[in-house]
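What follows is one structure encoded as structure tokens, with my remarks underneath.
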Amino acid sequence: MAVAPALVALACCLCAVVTEGLADETYSEQTSFITLADGSVLFRVEPRFDARPVAHDHRGKLKDGAFGETPRGAHAPNATANDCAQHSSLVPLPVRRIFEATGAEAVSVRLTQGRWRDDAWGAYPYEQQTPMMGAEVEATWPSALRASVPDRFEQLMHMLSGMLCASLSTITAEHVIYDTALFTSGSSDSPTTTVRGFLQREALCTENLTPLQHLLPCGRIAGLASLIDARKFFSGSFHSLGWSARRAHRQLAISQRPSPVVCAGDVSMHVTIEAVAADHTRAVPLSLARSSEHATLESIDLGRFYNTRTWRQRAWCAAADVTTFVIDTRQQLHRVHVNAEHQGFARVDSDGGALAAPDVPLAVTKVYIGRGTYKGAISTRIHNNWDTAIAAYNDTFVPAKARVRPAHLTTWTTVPAHTTLELRIAFHHGFLRSSDYPSDPFRGLEVLPTIVLADVFENHTSRFISNPLAIHMAVPDMSMPFNVIMLTSTLVAIIFSMLLTLASNLRLPTIKI
Amino acid sequence: MMSRSKTQHKAGVNAVLVAVVVLVLAGSLGCAVEGSRRPRNTATGEAHGDNWAVIVSTSMYWYNYRHTSNALVFYHTVKRLGIPDSNILLFLGEDHACNPRNRRPASIYSSAALQPSTAVYDEEIEVDFRGTEVTADTFIRVMTGRVSAKLPASKQLRSGPDSNIFVFMTGHGGVDFLKFRDTHVISGAELGDMFYTMHEKRRYKQVLFILETCHSESMLEHIRSPNILSIGSSSKHEDSYSRSSSPELGVMMVDEFTGASMPFLSQLTTQSRATAADYFAHVRRSRLTSHPVIRATTFPRSPAKVLLTDFLASTPVIWPLDDEIQQHLPTLALTTA
């Protein structure tokens, strides 16, 4: 297995602590560039909010109604009005409303376009699990609310679709899996009900990126997220946007991750990173890509910014002082470290040590076997590239209950070294209603990729995703005009020849004289 | 006994008359008070409350790039003229901006020149319904307010009896129908019923409806609800056509009607006095292949007296509620004017 080298990475981390009554609120940002094996650049920005309850606002008064208007039908069994009032202004209002209305304990969304290519890029180099093509939503509720979870999940989909401009409201019961222990990303002390919804395909564009940026304190005006140029971002062959939030012990800690983008081949990135804080100005060379340009890191005075209230934040962001340090990405560098502090409010850590993307221990492929669409099988092949056996959880296809629930199978398997495990599930043709056909039937029916979870690294469960499948459907032959012309011509020729034959063989009455 | 009953009867009639007079007076007084509290749009001269825009591109597939472009031209215009995204419902049947075939990712242009000045896909764009969500059923439900209570407010048309609504639809159509993503259609009768329901539910004050599709007049003929001014890109038995092909993208960039509208729309400001008649005359002068039509049969005023900014722009005025402030209303009105 070829080692997937990541030549150099730059990681900038910024932490700001809010004072004046909001001392328990923190906001941090982190970004990284990783050069992958084939010369592509993986770029990620990860902002993070951590908001803890505070009893008083900056004027020393008890905050009342900080959540603003409660949405219709909102009912949050776990969140009282006092809880709501205790949250700080850094937590975006739409996020608070989601937790108020649905009573969820944790919510995460990921929208992805393109497939993470294990073979070319190596294993996904972050702690988060490899993003799957389409849309994924995971939400957790206390088990006490299990009876009302389907209704709450539907409400959640509508609210998220409004907040992120995504088609998540089209996630219906047949796209939802309940209580799949394999998927739960975090552990919880109390029993919970986890719901996971999928969309095989989700268009991803600026209208999804912009709402995420709006959730940040400075929106698109400043901050690391402002370096995302939508035109560059969506020119990548793989891009993914994520957002997650969690409530724990009456606290609302929010982590938002608009990340990452991969640009294949020669990359010409012009990156401006703002809001890295401090007066520190320094030129740092970095090998980013073969033909990349200068990257500029600019900073603002975050101390002033975080002392302002919500409605004034944007003005402060725009008017903030800016200092700059420049990175020449055309030069080689193997170690970068920047550490600066500003007035005790903000800290910058930048560590560009070489990050090596790990080898891919498992290769998962999915193929369609059979002729036509009447009868066949879907085969999932899991190949262990390592010299040791790997215990893998496999989540793949089983026949679904038509129009009620999705296909789903969970197994626990040990794959010996250098062997391939094949799971083959046969299927036969079923009757499709007209409403079952997708709006573009020529694209075929999409079958979700197989997801394999494996404990291959210490204290970390990795997720490996196969390719998805598209099964062709019985659709009208669009070469119809050709067929019509051919059939009509044949018919005309037959009729004409018959008439001609009749005419030539016609026995005229002979008159004998 | 008879005279007594007559007297009682007369007294009863008088009481009823007095009650009626009192009620009428009270009603007129109430109306007057209410009328004085109604927002007056002094900039346009026509009183209305808020402005809403519903912009729909119904087509899928890459080669229908021009339909998304049409919709975004109007989206760009209403947004430039001050209608916020919260009051705009944008339906895009296909993701053309980030389509893998788009050599200019995250961009849509309304001209083959592909200049930044012709880019209509804003960085601040908010698409409310897209892809498979764009169906005739969804559209009708949103317009008539028959939506799930769980639908977020940003995806609802929360207009009222004082609202002016601008509706623009573009896509492929035929006589009496408009296709939605090649899967569903909305018929002319359904469109007419939809506006009728909106009228019955008092969801609008006035509507400017522009339909850019083949045979668009055939759809407009079904609209019989009051206060709707409708413009179609073609007459009943005509096709609508596109223009401005881009060699780089390999698609037509915009349709003729929208293309002809663009210079006019780009000149509009919130203070413009241009009327619907001016706009229609401009489009007619542009020598389109088709013949645009305007129907004002159910509209109380001539198109020459309908300001476009009544529908395409948000010209908010301060509406004083406090009596103390109301004493200064003439001053404020003068200032606003």
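FYI, nothing fancy with the structure tokens labels: chains A, B, ... in order, residues from 1 per chain, ligands from 1 as they appear.
Looking only at segment 146-177 of chain A, the set that DSSP places in alpha helix (DSSP H) from backbone geometry is Val149, Pro150, Asp151, Arg152, Phe153, Glu154, Gln155, Leu156, Met157, His158, Met159, Leu160, Ser161, Gly162, Met163 and Leu164 of chain A.
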Would you mind exporting C-alpha atoms of the selected residues as a tab-separated table (two decimals), in the first residue's frame?
```tsv
chain	number	residue	atom	x	y	z
A	149	VAL	CA	-38.75	11.13	18.18
A	150	PRO	CA	-40.06	10.59	14.61
A	151	ASP	CA	-42.13	13.76	14.89
A	152	ARG	CA	-39.27	15.68	16.39
A	153	PHE	CA	-36.89	14.43	13.73
A	154	GLU	CA	-39.26	15.66	11.03
A	155	GLN	CA	-39.38	19.06	12.68
A	156	LEU	CA	-35.60	19.05	12.90
A	157	MET	CA	-35.27	18.31	9.18
A	158	HIS	CA	-37.51	21.23	8.31
A	159	MET	CA	-35.61	23.61	10.57
A	160	LEU	CA	-32.22	22.49	9.32
A	161	SER	CA	-33.34	22.72	5.71
A	162	GLY	CA	-34.35	26.32	6.35
A	163	MET	CA	-31.16	27.17	8.18
A	164	LEU	CA	-28.75	25.55	5.74
```
Write out as a tab-separated table a residue-level contact list of chain B versus chain A with cut-off 10 Å: for each qualifying residue the closest pair of atoms and the distance in Å to one decimal, counting only C-alpha atoms, rows sorted by chain and residue number upward.
```
residue	atom	partner	partner_atom	distance
B:Met60	CA	A:Asp440	CA	8.8
B:Tyr61	CA	A:Asp440	CA	8.8
B:Glu94	CA	A:Ala203	CA	8.7
B:Asp95	CA	A:Ala203	CA	6.4
B:His96	CA	A:Cys205	CA	9.4
B:Ala97	CA	A:Cys205	CA	7.1
B:Cys98	CA	A:Cys205	CA	5.6
B:Asn99	CA	A:Ala203	CA	8.2
B:Pro100	CA	A:Ser235	CA	8.7
B:Asn102	CA	A:Ser235	CA	9.4
B:Arg103	CA	A:Ser235	CA	8.5
B:Arg104	CA	A:Arg231	CA	7.6
B:Pro105	CA	A:Arg231	CA	5.5
B:Ala106	CA	A:Arg231	CA	5.2
B:Ser107	CA	A:Arg231	CA	7.2
B:Tyr121	CA	A:Thr206	CA	8.8
B:Asp122	CA	A:Thr206	CA	8.4
B:Glu123	CA	A:Thr206	CA	6.4
B:Glu124	CA	A:Thr210	CA	6.2
B:Ile125	CA	A:Glu207	CA	5.5
B:Glu126	CA	A:Glu207	CA	5.2
B:Val127	CA	A:Cys165	CA	6.0
B:Asp128	CA	A:Cys165	CA	6.0
B:Phe129	CA	A:Ser167	CA	7.3
B:Arg130	CA	A:Ser167	CA	6.9
B:Gly131	CA	A:Ser167	CA	7.7
B:Thr132	CA	A:Ser439	CA	7.2
B:Glu133	CA	A:Ser167	CA	6.9
B:Ser148	CA	A:His158	CA	9.6
B:Ala149	CA	A:Arg72	CA	7.4
B:Lys150	CA	A:Gln155	CA	5.5
B:Leu151	CA	A:His158	CA	5.5
B:Pro152	CA	A:Met159	CA	5.6
B:Ala153	CA	A:Gly162	CA	8.0
B:Ser154	CA	A:Gly162	CA	6.2
B:Lys155	CA	A:Gly162	CA	6.7
B:Phe180	CA	A:Ser439	CA	9.8
B:Arg181	CA	A:Ser439	CA	7.0
B:Asp182	CA	A:Ser439	CA	7.2
B:Thr183	CA	A:Ser439	CA	5.8
B:His184	CA	A:Ser439	CA	9.1
```
Item to check | Residues within 6 Å of segment 291-305 of chain B, only C-alpha atoms, excluding chain neighbours under 5 positions, as a ChimeraX atom specification | outcome: /B:226-235,275-277
